[in-house]
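Next up, query_32.cif (mmCIF, C-alpha atoms and all ligand atoms):
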```cif
data_protein
loop_
_atom_site.label_atom_id
_atom_site.label_comp_id
_atom_site.auth_asym_id
_atom_site.auth_seq_id
_atom_site.Cartn_x
_atom_site.Cartn_y
_atom_site.Cartn_z
CA MET I 79 -44.57 -28.71 61.26
CA THR I 80 -44.77 -25.29 59.64
CA ASP I 81 -44.83 -21.97 61.49
CA ALA I 82 -48.30 -20.50 61.66
CA GLY I 83 -48.93 -17.03 60.29
CA SER I 84 -48.19 -15.33 57.01
CA PRO I 85 -44.89 -15.99 55.22
CA TYR I 86 -41.92 -13.85 56.11
CA ASP I 87 -41.02 -11.30 53.45
CA LEU I 88 -37.39 -12.36 53.79
CA VAL I 89 -35.50 -15.01 55.73
CA VAL I 90 -31.73 -14.64 56.07
CA VAL I 91 -29.83 -17.87 56.70
CA GLY I 92 -26.43 -17.23 58.27
CA LEU I 93 -25.84 -14.06 60.29
CA GLY I 94 -22.12 -13.42 59.86
CA ALA I 95 -20.65 -10.42 58.08
CA VAL I 96 -22.91 -10.63 55.02
CA GLY I 97 -26.10 -12.06 56.53
CA SER I 98 -26.21 -9.71 59.54
CA SER I 99 -25.97 -6.78 57.14
CA ALA I 100 -28.73 -8.18 54.91
CA LEU I 101 -30.98 -8.69 57.95
CA PHE I 102 -30.32 -5.19 59.29
CA GLN I 103 -30.91 -3.51 55.94
CA ALA I 104 -34.10 -5.50 55.34
CA SER I 105 -35.36 -4.68 58.85
CA LYS I 106 -35.07 -0.95 58.10
CA THR I 107 -37.69 -1.24 55.35
CA GLY I 108 -40.41 -2.46 57.72
CA ALA I 109 -40.48 -5.87 56.01
CA ARG I 110 -41.26 -8.94 58.10
CA VAL I 111 -37.84 -10.53 58.39
CA LEU I 112 -36.27 -13.47 60.19
CA GLY I 113 -32.58 -14.29 60.64
CA ILE I 114 -31.42 -17.82 61.46
CA ASP I 115 -27.97 -19.01 62.52
CA ARG I 116 -26.55 -22.35 63.60
CA TYR I 117 -24.56 -20.58 66.37
CA ASP I 118 -25.04 -17.29 68.21
CA PRO I 119 -23.18 -14.68 66.13
CA PRO I 120 -20.68 -13.18 66.36
CA HIS I 121 -18.80 -16.41 67.03
CA ASP I 122 -15.45 -18.09 66.40
CA PHE I 123 -16.48 -20.94 64.11
CA GLY I 124 -16.84 -19.25 60.72
CA SER I 125 -15.09 -16.44 58.85
CA THR I 126 -15.97 -13.40 60.96
CA ASN I 127 -13.85 -13.60 64.09
CA ALA I 128 -10.39 -12.43 65.18
CA GLU I 129 -11.33 -8.84 66.06
CA THR I 130 -10.35 -6.79 63.00
CA ARG I 131 -10.40 -6.80 59.21
CA ILE I 132 -8.36 -4.76 56.76
CA THR I 133 -10.20 -2.45 54.41
CA ARG I 134 -8.83 -0.36 51.55
CA LEU I 135 -10.63 1.70 48.92
CA ALA I 136 -8.11 1.05 46.12
CA VAL I 137 -9.07 -2.60 45.82
CA GLY I 138 -6.36 -4.27 43.75
CA GLU I 139 -8.57 -7.32 43.25
CA GLY I 140 -10.34 -5.33 40.51
CA PRO I 141 -12.50 -2.27 39.74
CA ARG I 142 -15.78 -4.20 40.10
CA TYR I 143 -15.21 -4.25 43.88
CA LEU I 144 -14.79 -0.49 44.30
CA PRO I 145 -18.45 0.53 44.76
CA PHE I 146 -18.94 -2.16 47.41
CA VAL I 147 -16.07 -1.14 49.66
CA ALA I 148 -16.95 2.54 49.26
CA ARG I 149 -20.57 1.91 50.25
CA SER I 150 -19.46 -0.33 53.15
CA HIS I 151 -17.38 2.55 54.53
CA GLN I 152 -20.49 4.76 54.37
CA ILE I 153 -22.57 2.13 56.18
CA TRP I 154 -20.00 1.73 58.99
CA ALA I 155 -19.96 5.52 59.40
CA GLU I 156 -23.77 5.55 59.53
CA LEU I 157 -23.77 2.78 62.15
CA ALA I 158 -21.17 4.60 64.24
CA ALA I 159 -23.22 7.81 64.06
CA GLU I 160 -26.32 5.94 65.18
CA THR I 161 -24.75 3.93 68.00
CA GLY I 162 -21.72 5.99 69.06
CA ASP I 163 -19.59 2.85 68.62
CA LYS I 164 -16.61 3.45 66.33
CA LEU I 165 -16.31 0.48 63.99
CA TYR I 166 -13.68 1.80 61.58
CA HIS I 167 -10.15 2.94 62.43
CA GLN I 168 -8.46 4.81 59.59
CA SER I 169 -4.82 3.85 60.10
CA GLY I 170 -3.66 3.95 56.49
CA GLY I 171 -2.23 0.81 55.00
CA CYS I 172 0.96 -0.45 53.35
CA ILE I 173 1.03 -3.01 50.56
CA ILE I 174 4.59 -4.32 50.30
CA THR I 175 5.64 -6.26 47.21
CA PRO I 176 8.88 -7.06 45.38
CA ASP I 177 10.02 -4.01 43.38
CA THR I 178 10.62 -6.35 40.46
CA PRO I 179 7.58 -8.65 40.47
CA ALA I 180 7.56 -12.03 38.78
CA ALA I 181 6.34 -11.59 35.20
CA GLY I 182 2.59 -12.00 34.89
CA ASP I 183 2.03 -12.48 38.63
CA ARG I 184 -0.72 -10.00 39.58
CA TRP I 185 -0.48 -10.70 43.31
CA ASN I 186 3.30 -10.18 43.20
CA ASP I 187 2.62 -6.78 41.60
CA PHE I 188 -0.23 -5.89 43.97
CA ALA I 189 1.23 -2.55 45.14
CA ARG I 190 1.49 -1.15 41.60
CA ILE I 191 -1.85 -2.64 40.54
CA SER I 192 -3.52 -1.00 43.54
CA ALA I 193 -1.75 2.28 42.67
CA SER I 194 -3.10 2.11 39.14
CA ILE I 195 -6.66 1.44 40.35
CA ALA I 196 -6.32 4.32 42.81
CA ALA I 197 -5.13 6.67 40.03
CA ASP I 198 -8.05 5.67 37.78
CA SER I 199 -10.54 6.23 40.60
CA GLY I 200 -9.21 9.37 42.27
CA ILE I 201 -8.24 7.57 45.49
CA ASP I 202 -5.27 8.93 47.46
CA PHE I 203 -2.35 6.55 47.07
CA GLU I 204 1.46 6.79 47.12
CA LEU I 205 4.16 4.45 45.90
CA LEU I 206 7.05 4.61 48.38
CA ASP I 207 10.50 3.08 48.29
CA ALA I 208 11.60 0.90 51.19
CA ALA I 209 13.81 3.55 52.80
CA THR I 210 11.02 6.14 52.87
CA THR I 211 8.71 3.55 54.42
CA ARG I 212 11.26 2.75 57.14
CA SER I 213 11.70 6.43 57.92
CA ARG I 214 7.92 6.81 58.39
CA TYR I 215 7.44 3.49 60.17
CA PRO I 216 10.72 2.23 61.66
CA GLN I 217 8.86 -0.84 62.97
CA ILE I 218 8.43 -2.21 59.42
CA GLN I 219 11.55 -4.05 58.29
CA THR I 220 11.31 -3.54 54.55
CA THR I 221 14.32 -4.28 52.36
CA ASP I 222 15.54 -2.18 49.47
CA ASP I 223 14.29 -4.62 46.81
CA GLN I 224 10.69 -3.89 47.83
CA ILE I 225 8.16 -1.24 46.89
CA VAL I 226 5.33 -0.05 49.12
CA GLY I 227 1.89 1.13 48.10
CA PHE I 228 0.49 3.40 50.82
CA GLU I 229 -3.22 4.17 51.01
CA PRO I 230 -4.06 6.76 53.69
CA THR I 231 -7.80 5.99 53.52
CA GLY I 232 -7.29 2.33 54.43
CA GLY I 233 -7.65 0.92 57.92
CA VAL I 234 -9.25 -1.75 60.06
CA VAL I 235 -12.87 -2.52 60.91
CA MET I 236 -14.00 -4.19 64.12
CA ALA I 237 -15.43 -7.37 62.61
CA GLU I 238 -17.43 -9.01 65.38
CA ARG I 239 -18.63 -5.60 66.62
CA ALA I 240 -20.01 -4.86 63.13
CA VAL I 241 -21.98 -8.13 63.18
CA ASP I 242 -23.20 -7.46 66.71
CA THR I 243 -24.27 -3.91 65.78
CA HIS I 244 -26.21 -5.11 62.73
CA LEU I 245 -28.04 -7.74 64.77
CA ARG I 246 -28.79 -5.43 67.68
CA LEU I 247 -30.20 -2.74 65.40
CA ALA I 248 -32.13 -5.31 63.35
CA ARG I 249 -33.79 -6.60 66.53
CA GLY I 250 -34.65 -3.02 67.45
CA ASN I 251 -36.31 -2.63 64.05
CA GLY I 252 -38.48 -5.67 64.71
CA ALA I 253 -36.48 -8.44 63.02
CA GLU I 254 -36.82 -11.88 64.56
CA ILE I 255 -33.61 -13.81 65.16
CA ARG I 256 -33.29 -17.52 65.90
CA THR I 257 -29.88 -18.71 67.05
CA HIS I 258 -28.61 -22.28 67.53
CA GLN I 259 -30.87 -23.36 64.68
CA THR I 260 -29.33 -25.04 61.65
CA VAL I 261 -31.13 -24.82 58.32
CA THR I 262 -31.03 -28.24 56.68
CA ASN I 263 -32.88 -27.60 53.43
CA ILE I 264 -34.46 -24.85 51.33
CA SER I 265 -37.11 -25.68 48.74
CA VAL I 266 -39.32 -23.60 46.47
CA THR I 267 -42.91 -24.54 45.61
CA ASN I 268 -45.85 -22.43 44.46
CA ASP I 269 -43.83 -19.22 44.63
CA LEU I 270 -42.98 -19.68 48.30
CA THR I 271 -39.77 -20.93 49.85
CA THR I 272 -39.78 -23.44 52.68
CA ILE I 273 -36.82 -23.38 55.05
CA ARG I 274 -36.40 -26.59 56.98
CA LEU I 275 -34.75 -26.43 60.40
CA GLN I 276 -32.77 -29.09 62.21
CA ASP I 277 -35.53 -29.47 64.83
CA GLY I 278 -37.91 -30.61 62.08
CA THR I 279 -39.93 -27.40 61.84
CA ASN I 280 -40.40 -25.39 58.64
CA VAL I 281 -40.46 -21.65 58.04
CA VAL I 282 -42.13 -20.18 54.96
CA ALA I 283 -40.93 -17.02 53.20
CA GLU I 284 -41.36 -15.02 50.03
CA ALA I 285 -37.59 -14.90 49.59
CA VAL I 286 -34.38 -16.18 51.17
CA VAL I 287 -30.84 -14.85 51.41
CA VAL I 288 -28.32 -17.60 52.18
CA ALA I 289 -25.01 -16.35 53.59
CA ALA I 290 -23.69 -19.49 55.24
CA GLY I 291 -19.97 -18.70 54.93
CA PRO I 292 -17.83 -21.84 55.15
CA TRP I 293 -21.00 -24.00 55.27
CA PHE I 294 -21.97 -22.66 51.81
CA ALA I 295 -21.73 -26.14 50.24
CA ASP I 296 -24.38 -27.56 52.63
CA LEU I 297 -27.12 -25.41 51.10
CA ALA I 298 -25.73 -24.23 47.75
CA PRO I 299 -26.82 -25.49 44.34
CA PRO I 300 -24.69 -28.49 43.27
CA LEU I 301 -23.18 -26.60 40.31
CA ASP I 302 -21.66 -24.02 42.68
CA ARG I 303 -20.19 -26.54 45.11
CA GLU I 304 -17.57 -27.80 42.70
CA HIS I 305 -16.17 -24.28 42.31
CA THR I 306 -15.73 -23.61 46.01
CA TYR I 307 -13.65 -24.96 48.89
CA VAL I 308 -12.71 -24.03 52.46
CA THR I 309 -9.25 -23.46 53.91
CA ARG I 310 -8.13 -23.11 57.53
CA GLN I 311 -6.12 -20.00 58.35
CA THR I 312 -4.37 -19.13 61.60
CA VAL I 313 -4.24 -15.76 63.34
CA TYR I 314 -1.79 -14.84 66.12
CA TRP I 315 -1.48 -11.89 68.49
CA PHE I 316 2.04 -11.15 69.79
CA ARG I 317 2.52 -8.72 72.66
CA PRO I 318 4.51 -5.68 71.55
CA GLU I 319 7.23 -4.09 73.70
CA ASP I 320 5.31 -0.80 73.44
CA PRO I 321 1.64 -1.07 72.38
CA GLU I 322 1.48 2.68 71.73
CA MET I 323 3.80 2.17 68.72
CA PHE I 324 1.13 0.04 67.03
CA ARG I 325 -2.10 1.99 67.53
CA PRO I 326 -4.18 2.84 64.43
CA GLU I 327 -3.34 6.53 64.93
CA CYS I 328 0.33 5.85 64.22
CA PHE I 329 0.71 2.45 62.57
CA PRO I 330 -0.83 1.18 59.31
CA PHE I 331 -2.08 -2.24 58.35
CA ILE I 332 0.40 -4.24 56.31
CA ILE I 333 -0.15 -6.61 53.41
CA TRP I 334 3.24 -8.08 52.61
CA VAL I 335 3.59 -10.17 49.46
CA GLY I 336 6.84 -12.08 49.04
CA GLU I 337 8.53 -13.61 46.02
CA THR I 338 6.56 -16.87 46.10
CA PRO I 339 2.79 -17.48 46.37
CA ASP I 340 3.06 -18.95 49.89
CA ASP I 341 5.17 -16.04 51.16
CA TYR I 342 2.46 -13.81 52.60
CA PHE I 343 2.30 -11.81 55.82
CA SER I 344 -0.24 -9.39 57.15
CA SER I 345 -0.45 -7.28 60.30
CA PHE I 346 -3.19 -5.18 61.84
CA PRO I 347 -2.83 -2.13 64.09
CA MET I 348 -4.05 -2.50 67.68
CA PRO I 349 -7.25 -0.58 68.50
CA HIS I 350 -7.37 0.81 72.05
CA GLY I 351 -9.18 -1.54 74.42
CA GLY I 352 -8.75 -4.56 72.16
CA ILE I 353 -6.70 -7.74 72.41
CA PRO I 354 -3.32 -6.74 73.96
CA GLY I 355 -1.27 -8.07 71.05
CA MET I 356 -0.45 -7.19 67.47
CA LYS I 357 -2.53 -9.34 65.12
CA VAL I 358 -0.45 -11.06 62.45
CA LEU I 359 -1.14 -13.85 60.00
CA THR I 360 -0.11 -15.64 56.87
CA GLU I 361 -2.31 -17.52 54.36
CA GLN I 362 -2.42 -21.02 52.96
CA PHE I 363 -4.52 -22.37 50.10
CA VAL I 364 -3.27 -25.94 49.91
CA ASP I 365 -4.93 -27.77 52.80
CA ARG I 366 -8.69 -27.83 52.36
CA CYS I 367 -11.00 -28.52 55.28
CA ASP I 368 -14.58 -29.12 56.34
CA PRO I 369 -16.00 -26.55 58.81
CA ARG I 370 -17.70 -29.37 60.74
CA THR I 371 -14.51 -31.30 61.44
CA VAL I 372 -11.65 -28.80 61.15
CA ASP I 373 -9.26 -28.62 64.11
CA ARG I 374 -9.60 -25.08 65.46
CA THR I 375 -6.86 -25.43 68.05
CA VAL I 376 -3.51 -23.81 67.28
CA PRO I 377 -0.49 -25.87 68.42
CA VAL I 378 2.28 -24.08 70.33
CA SER I 379 4.80 -25.30 67.75
CA GLU I 380 2.86 -23.48 65.00
CA ILE I 381 2.87 -20.28 67.07
CA ASN I 382 6.61 -20.48 67.77
CA ASP I 383 7.44 -21.26 64.14
CA PHE I 384 5.40 -18.31 62.93
CA TYR I 385 7.08 -15.91 65.34
CA HIS I 386 10.65 -17.09 64.72
CA ASP I 387 10.45 -17.73 60.97
CA ILE I 388 8.22 -14.84 59.89
CA ALA I 389 6.84 -12.25 62.33
CA ARG I 390 10.04 -11.06 64.02
CA HIS I 391 11.69 -10.54 60.61
CA ARG I 392 8.89 -8.26 59.42
CA ILE I 393 7.97 -6.17 62.46
CA ASP I 394 10.44 -4.72 64.94
CA GLY I 395 9.18 -4.46 68.53
CA LEU I 396 7.11 -7.65 68.84
CA THR I 397 7.91 -9.99 71.69
CA SER I 398 7.54 -13.77 71.31
CA GLU I 399 4.67 -13.79 73.85
CA CYS I 400 1.57 -14.95 72.01
CA VAL I 401 -1.47 -13.62 73.87
CA LYS I 402 -3.97 -15.36 71.62
CA ALA I 403 -4.14 -17.58 68.52
CA VAL I 404 -7.25 -18.73 66.66
CA ALA I 405 -8.21 -20.56 63.50
CA CYS I 406 -10.47 -18.88 60.96
CA LEU I 407 -11.92 -20.16 57.68
CA TYR I 408 -11.73 -18.82 54.12
CA THR I 409 -14.50 -19.83 51.73
CA MET I 410 -12.77 -19.81 48.37
CA THR I 411 -13.87 -19.88 44.76
CA THR I 412 -11.58 -21.45 42.20
CA ASP I 413 -10.74 -18.03 40.70
CA GLU I 414 -10.46 -16.31 44.13
CA HIS I 415 -13.21 -13.80 43.38
CA PHE I 416 -16.73 -13.76 44.90
CA LEU I 417 -19.75 -15.88 44.06
CA ILE I 418 -23.20 -14.31 44.54
CA ASP I 419 -26.09 -15.70 42.54
CA ALA I 420 -29.66 -16.95 42.69
CA HIS I 421 -30.60 -20.61 42.70
CA PRO I 422 -30.59 -21.71 39.04
CA SER I 423 -34.27 -22.70 39.23
CA SER I 424 -35.60 -19.92 41.47
CA ASP I 425 -34.73 -16.27 41.84
CA ARG I 426 -36.37 -16.34 45.28
CA VAL I 427 -33.23 -17.79 46.83
CA LEU I 428 -30.03 -15.75 46.63
CA TYR I 429 -26.69 -17.20 47.75
CA ALA I 430 -23.54 -15.42 48.85
CA SER I 431 -20.46 -16.14 50.91
CA PRO I 432 -17.56 -17.51 48.97
CA CYS I 433 -15.58 -14.30 49.46
CA SER I 434 -12.17 -15.93 48.96
CA GLY I 435 -10.62 -14.40 52.07
CA HIS I 436 -11.12 -10.75 51.08
CA GLY I 437 -14.84 -10.25 51.64
CA PHE I 438 -15.25 -8.38 54.88
CA LYS I 439 -14.46 -4.93 53.50
CA HIS I 440 -17.37 -5.35 51.04
CA SER I 441 -19.77 -7.23 53.30
CA ALA I 442 -21.90 -4.36 54.58
CA ALA I 443 -22.72 -3.26 51.03
CA ILE I 444 -23.17 -6.80 49.73
CA GLY I 445 -25.68 -7.54 52.48
CA GLU I 446 -27.53 -4.33 51.65
CA ALA I 447 -27.61 -5.14 47.93
CA MET I 448 -28.86 -8.68 48.58
CA ALA I 449 -31.66 -7.41 50.82
CA GLN I 450 -32.67 -4.81 48.21
CA LYS I 451 -32.64 -7.38 45.44
CA MET I 452 -34.85 -9.83 47.31
CA LEU I 453 -37.32 -7.26 48.64
CA HIS I 454 -37.53 -4.93 45.62
CA GLY I 455 -36.22 -6.99 42.68
CA THR I 456 -33.30 -4.66 42.09
CA SER I 457 -30.32 -3.29 44.00
CA THR I 458 -28.48 0.03 43.99
CA LEU I 459 -25.16 -1.76 43.44
CA ASP I 460 -24.97 -4.44 40.79
CA ILE I 461 -24.23 -7.76 42.50
CA GLU I 462 -24.52 -9.58 39.20
CA VAL I 463 -20.85 -8.74 38.64
CA PHE I 464 -20.20 -11.69 40.98
CA ASP I 465 -22.54 -14.22 39.36
CA ARG I 466 -21.55 -17.79 38.53
CA THR I 467 -21.28 -17.37 34.75
CA ARG I 468 -17.50 -17.02 34.73
CA LEU I 469 -17.05 -20.12 36.93
CA VAL I 470 -19.44 -22.53 35.29
CA ALA I 471 -18.14 -21.54 31.84
CA THR I 472 -14.59 -22.64 32.72
C1 LIG I 501 -8.19 -15.04 59.15
C2 LIG I 501 -9.05 -14.22 58.22
C3 LIG I 501 -8.65 -12.94 57.91
C4 LIG I 501 -9.41 -12.19 57.02
N1 LIG I 501 -9.01 -10.92 56.76
C5 LIG I 501 -9.75 -10.14 55.95
C6 LIG I 501 -9.41 -8.78 55.78
O1 LIG I 501 -8.44 -8.31 56.38
N2 LIG I 501 -10.19 -8.04 54.97
C7 LIG I 501 -11.28 -8.53 54.34
O2 LIG I 501 -11.94 -7.80 53.61
N3 LIG I 501 -11.66 -9.84 54.50
C8 LIG I 501 -10.92 -10.64 55.30
N4 LIG I 501 -11.29 -11.93 55.53
C9 LIG I 501 -12.49 -12.47 54.85
C10 LIG I 501 -13.76 -12.06 55.56
O3 LIG I 501 -13.61 -12.13 56.94
C11 LIG I 501 -14.90 -12.97 55.08
O4 LIG I 501 -15.01 -12.82 53.68
C12 LIG I 501 -16.23 -12.61 55.72
O5 LIG I 501 -16.11 -12.48 57.11
C13 LIG I 501 -17.24 -13.68 55.35
O6 LIG I 501 -18.47 -13.44 55.97
P1 LIG I 501 -19.72 -14.40 55.71
O7 LIG I 501 -20.91 -13.69 56.21
O8 LIG I 501 -19.71 -14.84 54.28
O9 LIG I 501 -19.42 -15.73 56.56
P2 LIG I 501 -19.52 -15.94 58.15
O10 LIG I 501 -19.20 -14.70 58.87
O11 LIG I 501 -18.74 -17.18 58.45
O12 LIG I 501 -21.06 -16.21 58.41
C14 LIG I 501 -21.71 -17.38 58.04
C15 LIG I 501 -22.77 -17.65 59.08
O13 LIG I 501 -23.67 -18.65 58.60
C16 LIG I 501 -24.03 -19.48 59.68
N5 LIG I 501 -24.51 -20.75 59.11
C17 LIG I 501 -23.79 -21.56 58.30
N6 LIG I 501 -24.55 -22.58 57.89
C18 LIG I 501 -25.78 -22.42 58.46
C19 LIG I 501 -26.98 -23.18 58.41
N7 LIG I 501 -27.09 -24.29 57.69
N8 LIG I 501 -28.04 -22.73 59.14
C20 LIG I 501 -27.94 -21.59 59.86
N9 LIG I 501 -26.81 -20.84 59.93
C21 LIG I 501 -25.75 -21.25 59.24
C22 LIG I 501 -22.75 -19.58 60.49
O14 LIG I 501 -22.98 -19.98 61.82
C23 LIG I 501 -22.21 -18.17 60.39
O15 LIG I 501 -22.63 -17.36 61.48
C24 LIG I 501 -10.57 -12.73 56.41
C25 LIG I 501 -10.98 -14.01 56.75
C26 LIG I 501 -10.24 -14.76 57.66
C27 LIG I 501 -10.71 -16.14 58.00
#
```
If you took the structure in this file and wrote it as structure tokens, what would it be?
Ligand SMILES: Cc1cc2nc3c(=O)[nH]c(=O)nc-3n(C[C@H](O)[C@H](O)[C@H](O)COP(=O)(O)OP(=O)(O)OC[C@H]3O[C@@H](n4cnc5c(N)ncnc54)[C@H](O)[C@@H]3O)c2cc1C
Amino acid sequence: MTDAGSPYDLVVVGLGAVGSSALFQASKTGARVLGIDRYDPPHDFGSTNAETRITRLAVGEGPRYLPFVARSHQIWAELAAETGDKLYHQSGGCIITPDTPAAGDRWNDFARISASIAADSGIDFELLDAATTRSRYPQIQTTDDQIVGFEPTGGVVMAERAVDTHLRLARGNGAEIRTHQTVTNISVTNDLTTIRLQDGTNVVAEAVVVAAGPWFADLAPPLDREHTYVTRQTVYWFRPEDPEMFRPECFPFIIWVGETPDDYFSSFPMPHGGIPGMKVLTEQFVDRCDPRTVDRTVPVSEINDFYHDIARHRIDGLTSECVKAVACLYTMTTDEHFLIDAHPSSDRVLYASPCSGHGFKHSAAIGEAMAQKMLHGTSTLDIEVFDRTRLVAT
């Protein structure tokens, strides 16, 4: 059964960080738009949960990302001005790496690489020694063999609130939203796309943006699937002795890169009114998972190990009381950059999502660019810098 009426100008499949932005931006143009999600976003099952996300303008992952994070900051400011809801907290941020990085290891040298990108782009940035960092932030237990890149313009964004704001404003602009509806197939015939839903109905559209996050492989072209995979990450909140020591006004985010690839730690300042714990996490890229079957529970043993082996050695003033722990999913590409491209046989379907665990800070601008591209054929920011060419050529 196919929906009656004229085709939608744009259907957005997946309404997380990227898709909610695409839907909102498309809705502002007056286009007839529909957003579809298998859950009711924001939710805990994909990649956009766990309260906050780090953002930094001096993106050490490479200069091609810079326009996207800069534009995303503008969009969050615009949303805050429109709604009165502050989405971005400018806390500043510390990137801590070994002072003598392993030769050729870009991640191990992330503080200096970020400093170099900042210098090339006119972004405020300081390289601090460990002692200076401890005098500014006594809570951070740096050692003298480390160097710290400090970006004052960095901070944290309220992740679920950004999704919720996009969807609320999109609805206000006339966008239709269908939740608890899974898209099972997308096909293109006679210049129209047909989106098949789990309940057996079809929706017809001129163009489709697919931003399915960890479920990317369900709908993506086969040639993209082999270059992507999903990993389960765990996030913990430990109650601090004094929460006021960890507010965004006085405490930065931390990205802490150790000597070895699996030695990673990150912490997020605590916005007022949020979860009453300091958010901390590590990363793992070894165990791959399926978003349909992954175990999202976090065992107590995992929580205790993380506190005793890692967290208490990095941040002074955290108690062992874990107020919350959740699982969250990274959608990775094999080179850890992004993948945004059209279906190989139809430019009416544009796919995003594998953001390799660093996509939120760019998501507002990526969603905007995808909406522009599908409605007008071109976008202000060039999303082709993330196309599949580099992956399929390797
Ligand atoms: C623990 C953790 C920490 C992170 N920290 C940072 C950070 O500090 N800074 C940063 O920049 N990035 C960070 N990231 C990465 C960032 O959060 C993600 O890149 C971003 O949220 C991805 O958004 P998305 O829209 O691609 O996916 P999602 O937000 O997961 O959205 C996908 C949506 O598609 C829907 N969907 C899927 N399949 C279908 C279907 N078939 N039909 C209908 N709907 C469907 C899902 O229900 C979901 O709502 C982190 C990620 C994690 C997991």
Ligand LIG 501 (chain I): which residues are within 7 Å, counting only C-alpha atoms and all ligand atoms? Reply as number ranges by chain. I: 91-97, 114-117, 119-121, 123-126, 128, 131-133, 259-262, 289-294, 296-297, 311-313, 406-408, 430-441
Compile a residue-level contact table for segment 319-379 of chain I against segment 167-174 of chain I at a cut-off of 8 Å, reporting for every qualifying residue the shortest atom pair and its distance in Å to one decimal, with only C-alpha atoms counted, rows ordered by chain and ascending number, as CSV.
```
residue,atom,partner,partner_atom,distance
I:Pro326,CA,I:Ser169,CA,4.5
I:Glu327,CA,I:Ser169,CA,5.7
I:Cys328,CA,I:Ser169,CA,6.9
I:Phe329,CA,I:Ser169,CA,6.2
I:Pro330,CA,I:Gly171,CA,4.5
I:Phe331,CA,I:Gly171,CA,4.5
I:Ile332,CA,I:Cys172,CA,4.8
I:Ile333,CA,I:Ile173,CA,4.7
I:Trp334,CA,I:Ile174,CA,4.6
I:Val335,CA,I:Ile174,CA,6.0
I:Pro347,CA,I:Ser169,CA,7.5
I:Pro349,CA,I:His167,CA,7.6
```
Do you have the atom CA of Asp460 of chain I-atom CA of Pro422 of chain I distance handy?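 Pair atom CA of Asp460 of chain I / atom CA of Pro422 of chain I returns 18.2 Å.
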From I:Thr267, I:Ala285, I:Ile388, I:Arg317, residue lying nearest Gly455 of chain I [only C-alpha atoms]: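 Closest to Gly455 of chain I, using only C-alpha atoms: I:Ala285.
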Which of these residues is nearest to Glu204 of chain I, using all atoms listed in the file: I:Gly227, I:Pro318, I:Gly252, I:Gly138?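 Of all the options, I:Gly227 lies closest to Glu204 of chain I.
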Might you pull out every residue within 6 Å of segment 361-377 of chain I, with only C-alpha atoms counted and same-chain residues fewer than 3 positions away left off, and present them as a PDB file with C-alpha atoms, keeping the file's coordinate frame?
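Final output, result_31.pdb:
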```pdb
ATOM      1  CA  VAL I 308     -12.710 -24.030  52.460  1.00  0.00           C
ATOM      2  CA  THR I 309      -9.250 -23.460  53.910  1.00  0.00           C
ATOM      3  CA  GLU I 380       2.860 -23.480  65.000  1.00  0.00           C
ATOM      4  CA  ALA I 405      -8.210 -20.560  63.500  1.00  0.00           C
TER       5      ALA I 405
END
```
